[in-house]
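Shown next: work-v2.cif, given as mmCIF, C-alpha atoms, pLDDT in the B column; chains and numbers go by the auth columns.
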```
data_data
loop_
_atom_site.group_PDB
_atom_site.id
_atom_site.type_symbol
_atom_site.label_atom_id
_atom_site.label_comp_id
_atom_site.label_asym_id
_atom_site.label_seq_id
_atom_site.Cartn_x
_atom_site.Cartn_y
_atom_site.Cartn_z
_atom_site.B_iso_or_equiv
_atom_site.auth_seq_id
_atom_site.auth_asym_id
ATOM 1 C CA MET A 1 63.496 -8.023 50.258 45.00 1 O
ATOM 2 C CA SER A 2 63.215 -11.536 51.680 52.00 2 O
ATOM 3 C CA TRP A 3 60.088 -12.142 53.771 54.00 3 O
ATOM 4 C CA GLN A 4 62.282 -14.079 56.187 56.00 4 O
ATOM 5 C CA ALA A 5 63.991 -10.791 57.068 56.00 5 O
ATOM 6 C CA GLN A 6 67.140 -12.363 58.423 68.00 6 O
ATOM 7 C CA GLY A 7 69.971 -10.918 60.475 80.00 7 O
ATOM 8 C CA TYR A 8 71.243 -7.480 59.624 87.00 8 O
ATOM 9 C CA ARG A 9 68.429 -6.814 57.152 89.00 9 O
ATOM 10 C CA ALA A 10 65.781 -7.492 59.833 90.00 10 O
ATOM 11 C CA TRP A 11 67.632 -5.209 62.251 91.00 11 O
ATOM 12 C CA PHE A 12 67.805 -2.468 59.614 93.00 12 O
ATOM 13 C CA VAL A 13 64.167 -2.772 58.458 93.00 13 O
ATOM 14 C CA GLN A 14 63.024 -2.704 62.107 94.00 14 O
ATOM 15 C CA ARG A 15 64.887 0.600 62.694 95.00 15 O
ATOM 16 C CA LEU A 16 63.729 2.077 59.388 95.00 16 O
ATOM 17 C CA SER A 17 60.047 1.226 60.038 96.00 17 O
ATOM 18 C CA ALA A 18 60.433 2.472 63.641 97.00 18 O
ATOM 19 C CA ILE A 19 61.647 5.890 62.456 97.00 19 O
ATOM 20 C CA TYR A 20 58.887 6.038 59.822 97.00 20 O
ATOM 21 C CA LEU A 21 56.216 5.131 62.401 97.00 21 O
ATOM 22 C CA LEU A 22 57.644 7.617 64.908 97.00 22 O
ATOM 23 C CA GLY A 23 57.408 10.479 62.403 97.00 23 O
ATOM 24 C CA SER A 24 53.961 9.420 61.132 97.00 24 O
ATOM 25 C CA LEU A 25 52.569 9.086 64.652 96.00 25 O
ATOM 26 C CA LEU A 26 53.757 12.574 65.612 96.00 26 O
ATOM 27 C CA PHE A 27 52.262 13.944 62.376 96.00 27 O
ATOM 28 C CA ILE A 28 48.897 12.215 62.986 95.00 28 O
ATOM 29 C CA ILE A 29 48.741 13.488 66.592 94.00 29 O
ATOM 30 C CA GLY A 30 49.587 17.012 65.428 96.00 30 O
ATOM 31 C CA PHE A 31 47.009 16.805 62.631 95.00 31 O
ATOM 32 C CA LEU A 32 44.264 15.672 65.021 93.00 32 O
ATOM 33 C CA ILE A 33 45.115 18.465 67.483 93.00 33 O
ATOM 34 C CA VAL A 34 44.786 21.064 64.682 95.00 34 O
ATOM 35 C CA ASN A 35 41.706 19.343 63.164 92.00 35 O
ATOM 36 C CA PRO A 36 39.806 17.832 66.113 92.00 36 O
ATOM 37 C CA VAL A 37 37.201 15.172 65.308 92.00 37 O
ATOM 38 C CA ASN A 38 33.874 16.200 66.848 91.00 38 O
ATOM 39 C CA SER A 39 31.453 14.309 64.617 94.00 39 O
ATOM 40 C CA TYR A 40 31.159 11.478 62.121 95.00 40 O
ATOM 41 C CA GLU A 41 31.304 14.023 59.241 94.00 41 O
ATOM 42 C CA ASP A 42 34.620 15.436 60.560 93.00 42 O
ATOM 43 C CA TRP A 43 36.100 11.941 60.780 95.00 43 O
ATOM 44 C CA ARG A 44 34.762 10.781 57.390 94.00 44 O
ATOM 45 C CA SER A 45 35.942 13.959 55.625 93.00 45 O
ATOM 46 C CA HIS A 46 39.606 13.038 56.258 92.00 46 O
ATOM 47 C CA PHE A 47 39.301 9.830 54.209 94.00 47 O
ATOM 48 C CA TYR A 48 37.921 10.955 50.813 93.00 48 O
ATOM 49 C CA SER A 49 41.177 11.614 48.976 91.00 49 O
ATOM 50 C CA PRO A 50 43.084 8.643 47.506 92.00 50 O
ATOM 51 C CA ILE A 51 46.363 10.340 48.486 93.00 51 O
ATOM 52 C CA THR A 52 45.432 10.416 52.181 92.00 52 O
ATOM 53 C CA ASN A 53 44.197 6.838 52.079 95.00 53 O
ATOM 54 C CA ILE A 54 47.378 5.600 50.409 95.00 54 O
ATOM 55 C CA LEU A 55 49.426 7.394 53.078 95.00 55 O
ATOM 56 C CA VAL A 56 47.289 5.832 55.828 95.00 56 O
ATOM 57 C CA LEU A 57 47.719 2.442 54.141 96.00 57 O
ATOM 58 C CA LEU A 58 51.515 2.928 54.049 96.00 58 O
ATOM 59 C CA PHE A 59 51.355 3.693 57.782 97.00 59 O
ATOM 60 C CA PHE A 60 49.470 0.418 58.393 97.00 60 O
ATOM 61 C CA ILE A 61 51.875 -1.553 56.166 96.00 61 O
ATOM 62 C CA ALA A 62 54.804 -0.127 58.172 97.00 62 O
ATOM 63 C CA ILE A 63 53.005 -1.318 61.342 97.00 63 O
ATOM 64 C CA MET A 64 52.578 -4.819 59.861 97.00 64 O
ATOM 65 C CA VAL A 65 56.262 -5.026 58.813 96.00 65 O
ATOM 66 C CA HIS A 66 57.434 -3.752 62.217 97.00 66 O
ATOM 67 C CA ALA A 67 55.037 -6.135 64.009 97.00 67 O
ATOM 68 C CA TRP A 68 56.213 -9.083 61.902 96.00 68 O
ATOM 69 C CA ILE A 69 59.921 -8.618 62.695 95.00 69 O
ATOM 70 C CA GLY A 70 59.141 -7.981 66.372 96.00 70 O
ATOM 71 C CA ILE A 71 56.872 -10.998 66.860 96.00 71 O
ATOM 72 C CA ARG A 72 59.222 -13.196 64.786 95.00 72 O
ATOM 73 C CA ASP A 73 62.124 -12.343 67.129 94.00 73 O
ATOM 74 C CA ILE A 74 59.955 -13.143 70.168 95.00 74 O
ATOM 75 C CA VAL A 75 58.788 -16.505 68.740 96.00 75 O
ATOM 76 C CA ILE A 76 62.390 -17.461 67.848 93.00 76 O
ATOM 77 C CA ASP A 77 63.474 -16.555 71.407 93.00 77 O
ATOM 78 C CA TYR A 78 60.869 -18.676 73.193 94.00 78 O
ATOM 79 C CA VAL A 79 59.763 -21.467 70.832 94.00 79 O
ATOM 80 C CA HIS A 80 62.636 -23.890 70.255 93.00 80 O
ATOM 81 C CA PHE A 81 60.785 -26.820 68.723 94.00 81 O
ATOM 82 C CA ALA A 82 61.207 -26.387 64.953 94.00 82 O
ATOM 83 C CA ILE A 83 57.777 -27.573 63.746 96.00 83 O
ATOM 84 C CA ALA A 84 55.927 -25.591 66.440 97.00 84 O
ATOM 85 C CA ARG A 85 57.971 -22.508 65.584 96.00 85 O
ATOM 86 C CA LEU A 86 57.205 -22.886 61.881 96.00 86 O
ATOM 87 C CA ILE A 87 53.458 -23.362 62.470 97.00 87 O
ATOM 88 C CA ILE A 88 53.254 -20.358 64.820 97.00 88 O
ATOM 89 C CA LEU A 89 55.193 -18.141 62.406 97.00 89 O
ATOM 90 C CA ILE A 90 52.989 -19.192 59.465 97.00 90 O
ATOM 91 C CA LEU A 91 49.827 -18.455 61.494 97.00 91 O
ATOM 92 C CA LEU A 92 51.116 -15.038 62.585 97.00 92 O
ATOM 93 C CA MET A 93 52.239 -14.172 59.048 97.00 93 O
ATOM 94 C CA THR A 94 48.830 -15.205 57.689 97.00 94 O
ATOM 95 C CA ALA A 95 47.085 -13.083 60.326 97.00 95 O
ATOM 96 C CA LEU A 96 49.218 -10.037 59.482 97.00 96 O
ATOM 97 C CA MET A 97 48.679 -10.471 55.738 97.00 97 O
ATOM 98 C CA GLY A 98 44.930 -10.906 56.291 97.00 98 O
ATOM 99 C CA MET A 99 44.784 -7.716 58.356 97.00 99 O
ATOM 100 C CA THR A 100 46.776 -5.849 55.690 97.00 100 O
ATOM 101 C CA ILE A 101 44.270 -6.923 53.011 97.00 101 O
ATOM 102 C CA TRP A 102 41.367 -5.997 55.324 97.00 102 O
ATOM 103 C CA THR A 103 42.850 -2.516 55.936 97.00 103 O
ATOM 104 C CA THR A 104 43.501 -2.042 52.196 96.00 104 O
ATOM 105 C CA TYR A 105 39.881 -2.969 51.435 96.00 105 O
ATOM 106 C CA ILE A 106 38.483 -0.536 54.045 95.00 106 O
ATOM 107 C CA LEU A 107 40.642 2.360 52.891 95.00 107 O
ATOM 108 C CA PHE A 108 39.933 1.828 49.172 93.00 108 O
ATOM 109 C CA THR A 109 36.154 1.646 49.636 93.00 109 O
ATOM 110 C CA LEU A 110 36.306 5.049 51.372 92.00 110 O
ATOM 111 C CA VAL A 111 37.716 6.925 48.369 91.00 111 O
ATOM 112 C CA GLU A 112 35.216 9.237 46.668 84.00 112 O
ATOM 113 C CA LEU A 113 36.405 11.352 43.777 77.00 113 O
ATOM 114 C CA MET B 1 83.144 -44.090 97.690 43.00 1 B
ATOM 115 C CA ILE B 2 84.880 -41.446 95.653 49.00 2 B
ATOM 116 C CA CYS B 3 81.645 -40.737 93.854 46.00 3 B
ATOM 117 C CA SER B 4 79.623 -40.212 97.015 48.00 4 B
ATOM 118 C CA THR B 5 82.283 -37.914 98.485 47.00 5 B
ATOM 119 C CA LEU B 6 82.239 -35.914 95.303 48.00 6 B
ATOM 120 C CA ASN B 7 78.448 -35.694 95.388 50.00 7 B
ATOM 121 C CA LEU B 8 78.522 -34.545 98.996 49.00 8 B
ATOM 122 C CA GLN B 9 81.019 -31.837 98.122 50.00 9 B
ATOM 123 C CA MET B 10 78.957 -30.706 95.179 50.00 10 B
ATOM 124 C CA ASP B 11 75.819 -30.659 97.335 52.00 11 B
ATOM 125 C CA THR B 12 77.344 -28.472 100.031 53.00 12 B
ATOM 126 C CA SER B 13 78.929 -26.083 97.573 56.00 13 B
ATOM 127 C CA LYS B 14 75.819 -25.626 95.440 57.00 14 B
ATOM 128 C CA ASN B 15 73.132 -25.938 98.099 63.00 15 B
ATOM 129 C CA ASN B 16 72.209 -22.305 98.442 69.00 16 B
ATOM 130 C CA ARG B 17 72.351 -21.377 94.798 67.00 17 B
ATOM 131 C CA PRO B 18 69.098 -20.775 92.973 61.00 18 B
ATOM 132 C CA LYS B 19 68.270 -23.593 90.564 64.00 19 B
ATOM 133 C CA HIS B 20 66.870 -21.296 87.907 66.00 20 B
ATOM 134 C CA LEU B 21 66.348 -17.597 87.405 67.00 21 B
ATOM 135 C CA ASN B 22 63.357 -16.516 89.439 70.00 22 B
ATOM 136 C CA LEU B 23 62.284 -13.253 87.814 68.00 23 B
ATOM 137 C CA VAL B 24 60.346 -12.242 90.924 71.00 24 B
ATOM 138 C CA LYS B 25 63.273 -12.786 93.336 69.00 25 B
ATOM 139 C CA ILE B 26 66.229 -11.387 91.399 74.00 26 B
ATOM 140 C CA LYS B 27 66.695 -7.634 91.521 78.00 27 B
ATOM 141 C CA MET B 28 66.589 -6.320 87.978 83.00 28 B
ATOM 142 C CA PRO B 29 68.347 -3.131 86.935 88.00 29 B
ATOM 143 C CA VAL B 30 66.062 -0.393 85.603 91.00 30 B
ATOM 144 C CA THR B 31 67.494 -0.873 82.111 91.00 31 B
ATOM 145 C CA ALA B 32 66.300 -4.504 82.111 91.00 32 B
ATOM 146 C CA VAL B 33 62.819 -3.448 83.262 92.00 33 B
ATOM 147 C CA VAL B 34 62.516 -0.884 80.447 93.00 34 B
ATOM 148 C CA SER B 35 63.751 -3.471 77.943 93.00 35 B
ATOM 149 C CA ILE B 36 61.350 -6.216 79.082 94.00 36 B
ATOM 150 C CA LEU B 37 58.416 -3.796 79.115 96.00 37 B
ATOM 151 C CA HIS B 38 59.345 -2.813 75.548 96.00 38 B
ATOM 152 C CA ARG B 39 58.804 -6.437 74.582 96.00 39 B
ATOM 153 C CA VAL B 40 55.602 -6.786 76.638 97.00 40 B
ATOM 154 C CA SER B 41 54.145 -3.581 75.176 97.00 41 B
ATOM 155 C CA GLY B 42 55.108 -4.831 71.704 97.00 42 B
ATOM 156 C CA ILE B 43 53.083 -8.011 72.238 97.00 43 B
ATOM 157 C CA VAL B 44 50.123 -5.961 73.540 98.00 44 B
ATOM 158 C CA LEU B 45 50.315 -3.712 70.467 98.00 45 B
ATOM 159 C CA PHE B 46 50.545 -6.731 68.160 97.00 46 B
ATOM 160 C CA LEU B 47 47.376 -8.160 69.721 97.00 47 B
ATOM 161 C CA SER B 48 45.646 -4.778 69.391 97.00 48 B
ATOM 162 C CA ILE B 49 46.076 -4.562 65.571 97.00 49 B
ATOM 163 C CA PRO B 50 42.798 -6.383 64.715 97.00 50 B
ATOM 164 C CA TYR B 51 40.947 -4.295 67.343 97.00 51 B
ATOM 165 C CA VAL B 52 42.338 -1.039 65.912 97.00 52 B
ATOM 166 C CA VAL B 53 41.544 -2.024 62.285 97.00 53 B
ATOM 167 C CA TRP B 54 38.034 -3.006 63.423 97.00 54 B
ATOM 168 C CA LEU B 55 37.631 0.374 65.197 97.00 55 B
ATOM 169 C CA LEU B 56 38.681 2.157 62.001 96.00 56 B
ATOM 170 C CA SER B 57 36.286 0.104 59.897 95.00 57 B
ATOM 171 C CA GLN B 58 33.372 0.621 62.339 96.00 58 B
ATOM 172 C CA SER B 59 33.898 4.329 62.904 96.00 59 B
ATOM 173 C CA ILE B 60 34.402 5.286 59.267 94.00 60 B
ATOM 174 C CA THR B 61 31.778 3.291 57.344 92.00 61 B
ATOM 175 C CA SER B 62 28.573 4.648 58.931 94.00 62 B
ATOM 176 C CA GLN B 63 27.142 7.135 61.420 96.00 63 B
ATOM 177 C CA ALA B 64 25.767 4.221 63.482 96.00 64 B
ATOM 178 C CA GLY B 65 29.212 2.582 63.621 96.00 65 B
ATOM 179 C CA PHE B 66 30.785 5.886 64.672 96.00 66 B
ATOM 180 C CA ASP B 67 28.201 6.278 67.450 96.00 67 B
ATOM 181 C CA TYR B 68 28.896 2.704 68.562 97.00 68 B
ATOM 182 C CA VAL B 69 32.653 3.413 68.858 96.00 69 B
ATOM 183 C CA VAL B 70 31.926 6.635 70.811 96.00 70 B
ATOM 184 C CA MET B 71 29.661 4.618 73.145 96.00 71 B
ATOM 185 C CA LEU B 72 32.372 1.964 73.500 96.00 72 B
ATOM 186 C CA PHE B 73 35.017 4.591 74.380 95.00 73 B
ATOM 187 C CA ASN B 74 32.692 6.044 77.029 95.00 74 B
ATOM 188 C CA SER B 75 32.027 2.677 78.689 95.00 75 B
ATOM 189 C CA ASN B 76 34.173 1.532 81.616 95.00 76 B
ATOM 190 C CA SER B 77 35.550 -1.539 79.844 95.00 77 B
ATOM 191 C CA GLY B 78 36.310 0.572 76.759 95.00 78 B
ATOM 192 C CA LYS B 79 38.186 3.116 78.894 95.00 79 B
ATOM 193 C CA PHE B 80 40.102 0.309 80.603 95.00 80 B
ATOM 194 C CA ILE B 81 41.189 -1.180 77.264 96.00 81 B
ATOM 195 C CA ASN B 82 42.121 2.272 75.936 96.00 82 B
ATOM 196 C CA ILE B 83 44.310 2.954 78.988 96.00 83 B
ATOM 197 C CA ILE B 84 46.124 -0.401 78.558 97.00 84 B
ATOM 198 C CA LEU B 85 46.683 0.282 74.846 97.00 85 B
ATOM 199 C CA LEU B 86 47.799 3.859 75.534 96.00 86 B
ATOM 200 C CA TRP B 87 50.315 2.582 78.086 97.00 87 B
ATOM 201 C CA ALA B 88 51.618 0.086 75.505 98.00 88 B
ATOM 202 C CA ILE B 89 52.052 2.667 72.729 97.00 89 B
ATOM 203 C CA VAL B 90 53.557 5.301 75.058 97.00 90 B
ATOM 204 C CA HIS B 91 56.059 2.861 76.578 97.00 91 B
ATOM 205 C CA HIS B 92 56.935 1.316 73.214 97.00 92 B
ATOM 206 C CA PHE B 93 57.411 4.831 71.785 97.00 93 B
ATOM 207 C CA TYR B 94 59.809 6.182 74.454 97.00 94 B
ATOM 208 C CA ALA B 95 61.683 2.913 75.013 97.00 95 B
ATOM 209 C CA GLY B 96 61.985 2.580 71.222 96.00 96 B
ATOM 210 C CA VAL B 97 63.474 6.074 70.926 96.00 97 B
ATOM 211 C CA ARG B 98 65.923 5.078 73.682 95.00 98 B
ATOM 212 C CA PHE B 99 66.982 2.007 71.673 94.00 99 B
ATOM 213 C CA LEU B 100 67.415 4.104 68.518 95.00 100 B
ATOM 214 C CA LEU B 101 69.622 6.534 70.467 95.00 101 B
ATOM 215 C CA LEU B 102 71.671 3.605 71.838 94.00 102 B
ATOM 216 C CA ASP B 103 72.093 2.375 68.244 92.00 103 B
ATOM 217 C CA ILE B 104 73.781 5.630 67.281 93.00 104 B
ATOM 218 C CA ASP B 105 75.956 5.438 70.451 91.00 105 B
ATOM 219 C CA PHE B 106 74.150 8.301 72.177 90.00 106 B
ATOM 220 C CA ALA B 107 74.596 8.272 75.994 86.00 107 B
ATOM 221 C CA ILE B 108 76.250 4.861 75.838 87.00 108 B
ATOM 222 C CA SER B 109 78.103 4.899 79.213 90.00 109 B
ATOM 223 C CA ARG B 110 76.763 2.774 82.086 89.00 110 B
ATOM 224 C CA GLU B 111 75.623 5.783 84.127 91.00 111 B
ATOM 225 C CA ALA B 112 74.000 7.442 81.109 92.00 112 B
ATOM 226 C CA THR B 113 72.026 4.329 80.069 92.00 113 B
ATOM 227 C CA ILE B 114 70.620 4.038 83.599 92.00 114 B
ATOM 228 C CA LYS B 115 69.665 7.736 83.608 93.00 115 B
ATOM 229 C CA MET B 116 68.034 7.368 80.183 93.00 116 B
ATOM 230 C CA ALA B 117 66.067 4.316 81.392 94.00 117 B
ATOM 231 C CA TRP B 118 64.755 6.341 84.356 95.00 118 B
ATOM 232 C CA LEU B 119 63.933 9.191 81.983 95.00 119 B
ATOM 233 C CA VAL B 120 61.898 6.751 79.850 95.00 120 B
ATOM 234 C CA ASN B 121 59.948 5.617 82.936 95.00 121 B
ATOM 235 C CA ILE B 122 59.260 9.186 84.047 96.00 122 B
ATOM 236 C CA LEU B 123 58.186 10.311 80.549 97.00 123 B
ATOM 237 C CA VAL B 124 55.888 7.281 80.208 97.00 124 B
ATOM 238 C CA VAL B 125 54.127 8.040 83.517 96.00 125 B
ATOM 239 C CA VAL B 126 53.797 11.789 82.810 97.00 126 B
ATOM 240 C CA THR B 127 52.551 11.285 79.213 96.00 127 B
ATOM 241 C CA LEU B 128 50.157 8.529 80.273 96.00 128 B
ATOM 242 C CA VAL B 129 48.646 10.645 83.080 96.00 129 B
ATOM 243 C CA ILE B 130 48.164 13.586 80.686 95.00 130 B
ATOM 244 C CA LEU B 131 46.600 11.350 78.008 94.00 131 B
ATOM 245 C CA ILE B 132 44.292 9.614 80.498 93.00 132 B
ATOM 246 C CA PHE B 133 42.891 12.928 81.767 92.00 133 B
ATOM 247 C CA LYS B 134 42.831 14.738 78.396 88.00 134 B
ATOM 248 C CA VAL B 135 41.714 11.934 76.071 86.00 135 B
ATOM 249 C CA VAL B 136 40.306 8.869 77.845 83.00 136 B
ATOM 250 C CA LEU B 137 38.202 10.234 80.710 81.00 137 B
#
```
Serialized structure, structure tokens:
Amino acid sequence: MSWQAQGYRAWFVQRLSAIYLLGSLLFIIGFLIVNPVNSYEDWRSHFYSPITNILVLLFFIAIMVHAWIGIRDIVIDYVHFAIARLIILILLMTALMGMTIWTTYILFTLVEL
Amino acid sequence: MICSTLNLQMDTSKNNRPKHLNLVKIKMPVTAVVSILHRVSGIVLFLSIPYVVWLLSQSITSQAGFDYVVMLFNSNSGKFINIILLWAIVHHFYAGVRFLLLDIDFAISREATIKMAWLVNILVVVTLVILIFKVVL
């Protein structure tokens, strides 16, 4: 997959990630209704298993991909000066990648086997 | 002479037309409002990513961090931010489902798209009110 996510591919990935996020969000809401978080121990206990944390990480990665295509479309719509557009897109991409690494770090430090 | 006559004609014919689109003055159809708010809520959600990752990191790494997030959520500014973010996710969710349905040609007629746009607005308000009273306050 090209990081530029052009044309049809961007359209398709945006729909795919949207459907994935939609399902995940409904699952998370349902899960939290069944297992309400009343204390720090409750909250922490959900994040011990590597399987859960990988699933949560996949959810965050889907958010980052969806956010990238969305913000890229908005920047292309409103910023017409090529250099400015390039700089803004690089900054936003760097921010998203940084936040993905940050999230990965948090989730991996939580795993206790 | 010809030029000035032409200019005069152009002036009188175009005098009352708006020079650019004034988003406040033009009457937008409900479908346009839903669509623009989808974009606005998307930007809000994009900006909220670092805040949400920070909340996760704070709340999960220690008891003190968890207590801090609880305190934050109970403060007025915290509640205000949570309501804004809840609006963004709720609107983006319903308007996004509407777009996905349009993609598969569901309710594609002019009347149906307008009805669906109103349905999105109604669902957003109802869901938001429920969430504000059940979760935020």
The PyMOL selection byres ((chain B) within 7 of (chain O)) on the file shown: which residues, as number ranges by chain?
B: 46, 50, 53, 57, 60, 63, 66
The distance between CA of Asn38 in chain O and CA of Leu72 in chain B is 15.8 Å
What separates CA of Thr94 in chain O and CA of Ile81 in chain B is a distance of 25.3 Å
Of O:Gly7, O:Asn53, O:Asn35, O:Gly30, the one nearest to Glu112 in chain O when counting all atoms listed in the file is O:Asn53
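If all atoms listed in the file are the atoms counted, then among B:Leu55, B:Ile49, B:Arg98, B:Val30 the closest residue to Trp118 in chain B is B:Val30.
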Judged by only C-alpha atoms, the minimum distance to Leu16 in chain O among O:Val65, O:Ile28, O:Ile33, O:Met93 is found for O:Val65
Students should find that CA of Val70 in chain B and CA of Leu32 in chain O are spaced 16.4 Å
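Against this structure, the PyMOL selection byres ((chain B and resi 124) around 8) ends up with Trp87, Val90, His91, Tyr94, Val120, Asn121, Ile122, Leu123, Val125, Val126, Thr127 and Leu128 of chain B.
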Applying the PyMOL selection byres ((chain O and resi 73) around 12) to the file I just gave you, which residues come out? Please list them as a PyMOL selection string. (chain O and resi 4-7+10-11+14+66-72+74-80+85+89) or (chain B and resi 39+42-43)
Nearest to Phe12 in chain O, restricted to only C-alpha atoms and choosing among B:Leu100, B:Thr61, B:Met116, B:Ser35, comes out as B:Leu100
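Protein and nucleic acid residues near (56.6, 4.8, 55.7) are Ser17, Tyr20, Leu21, Leu58, Phe59 and Ala62 of chain O, the criterion being any atom at most 7 Å away using all atoms listed in the file.
Considering only C-alpha atoms, the residue among B:Ile132, B:Val97, B:His92, B:Ile83 positioned nearest to Ser41 in chain B is B:His92.
Proximity to Val56 in chain O was assessed for O:Ser24, O:Asp42, O:Ile88, O:Leu113 counting only C-alpha atoms; the smallest distance is recorded for O:Ser24.
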Taking only C-alpha atoms, show range 48-97 of chain O of the given structure as a compact mmCIF listing (two decimals), in the first residue's frame.
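This went into part34.txt:
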```txt
# COMPACT_ATOMS: atom_id res chain seq x y z
CA TYR O 48 -2.79 -7.38 30.86
CA SER O 49 -3.18 -9.76 27.93
CA PRO O 50 -1.02 -9.21 24.82
CA ILE O 51 -3.99 -10.25 22.65
CA THR O 52 -6.19 -7.45 24.00
CA ASN O 53 -3.39 -4.91 23.68
CA ILE O 54 -2.67 -5.90 20.09
CA LEU O 55 -6.38 -5.54 19.29
CA VAL O 56 -6.46 -2.11 20.96
CA LEU O 57 -3.33 -1.17 19.00
CA LEU O 58 -5.00 -2.27 15.74
CA PHE O 59 -7.95 -0.04 16.67
CA PHE O 60 -5.59 2.93 17.16
CA ILE O 61 -3.73 2.17 13.90
CA ALA O 62 -7.09 2.13 12.07
CA ILE O 63 -7.81 5.55 13.64
CA MET O 64 -4.43 6.88 12.44
CA VAL O 65 -4.98 5.57 8.87
CA HIS O 66 -8.53 6.97 8.76
CA ALA O 67 -7.33 10.29 10.22
CA TRP O 68 -4.48 10.50 7.70
CA ILE O 69 -6.71 10.07 4.63
CA GLY O 70 -9.31 12.46 6.07
CA ILE O 71 -6.88 15.24 6.98
CA ARG O 72 -4.96 14.76 3.70
CA ASP O 73 -8.18 15.34 1.72
CA ILE O 74 -8.92 18.48 3.76
CA VAL O 75 -5.38 19.90 3.29
CA ILE O 76 -5.53 19.21 -0.47
CA ASP O 77 -8.92 20.98 -0.63
CA TYR O 78 -7.81 24.17 1.12
CA VAL O 79 -4.03 24.52 0.70
CA HIS O 80 -3.18 25.17 -2.95
CA PHE O 81 0.41 26.35 -2.64
CA ALA O 82 2.53 23.26 -3.34
CA ILE O 83 5.38 23.82 -0.86
CA ALA O 84 3.00 24.80 1.96
CA ARG O 85 0.86 21.75 1.23
CA LEU O 86 3.89 19.46 1.29
CA ILE O 87 5.20 20.91 4.58
CA ILE O 88 1.79 20.66 6.27
CA LEU O 89 1.29 17.07 5.08
CA ILE O 90 4.77 16.05 6.28
CA LEU O 91 4.12 17.63 9.70
CA LEU O 92 0.74 15.91 10.04
CA MET O 93 2.16 12.56 8.91
CA THR O 94 5.02 12.90 11.41
CA ALA O 95 2.54 13.73 14.19
CA LEU O 96 0.39 10.70 13.36
CA MET O 97 3.40 8.38 13.18
```
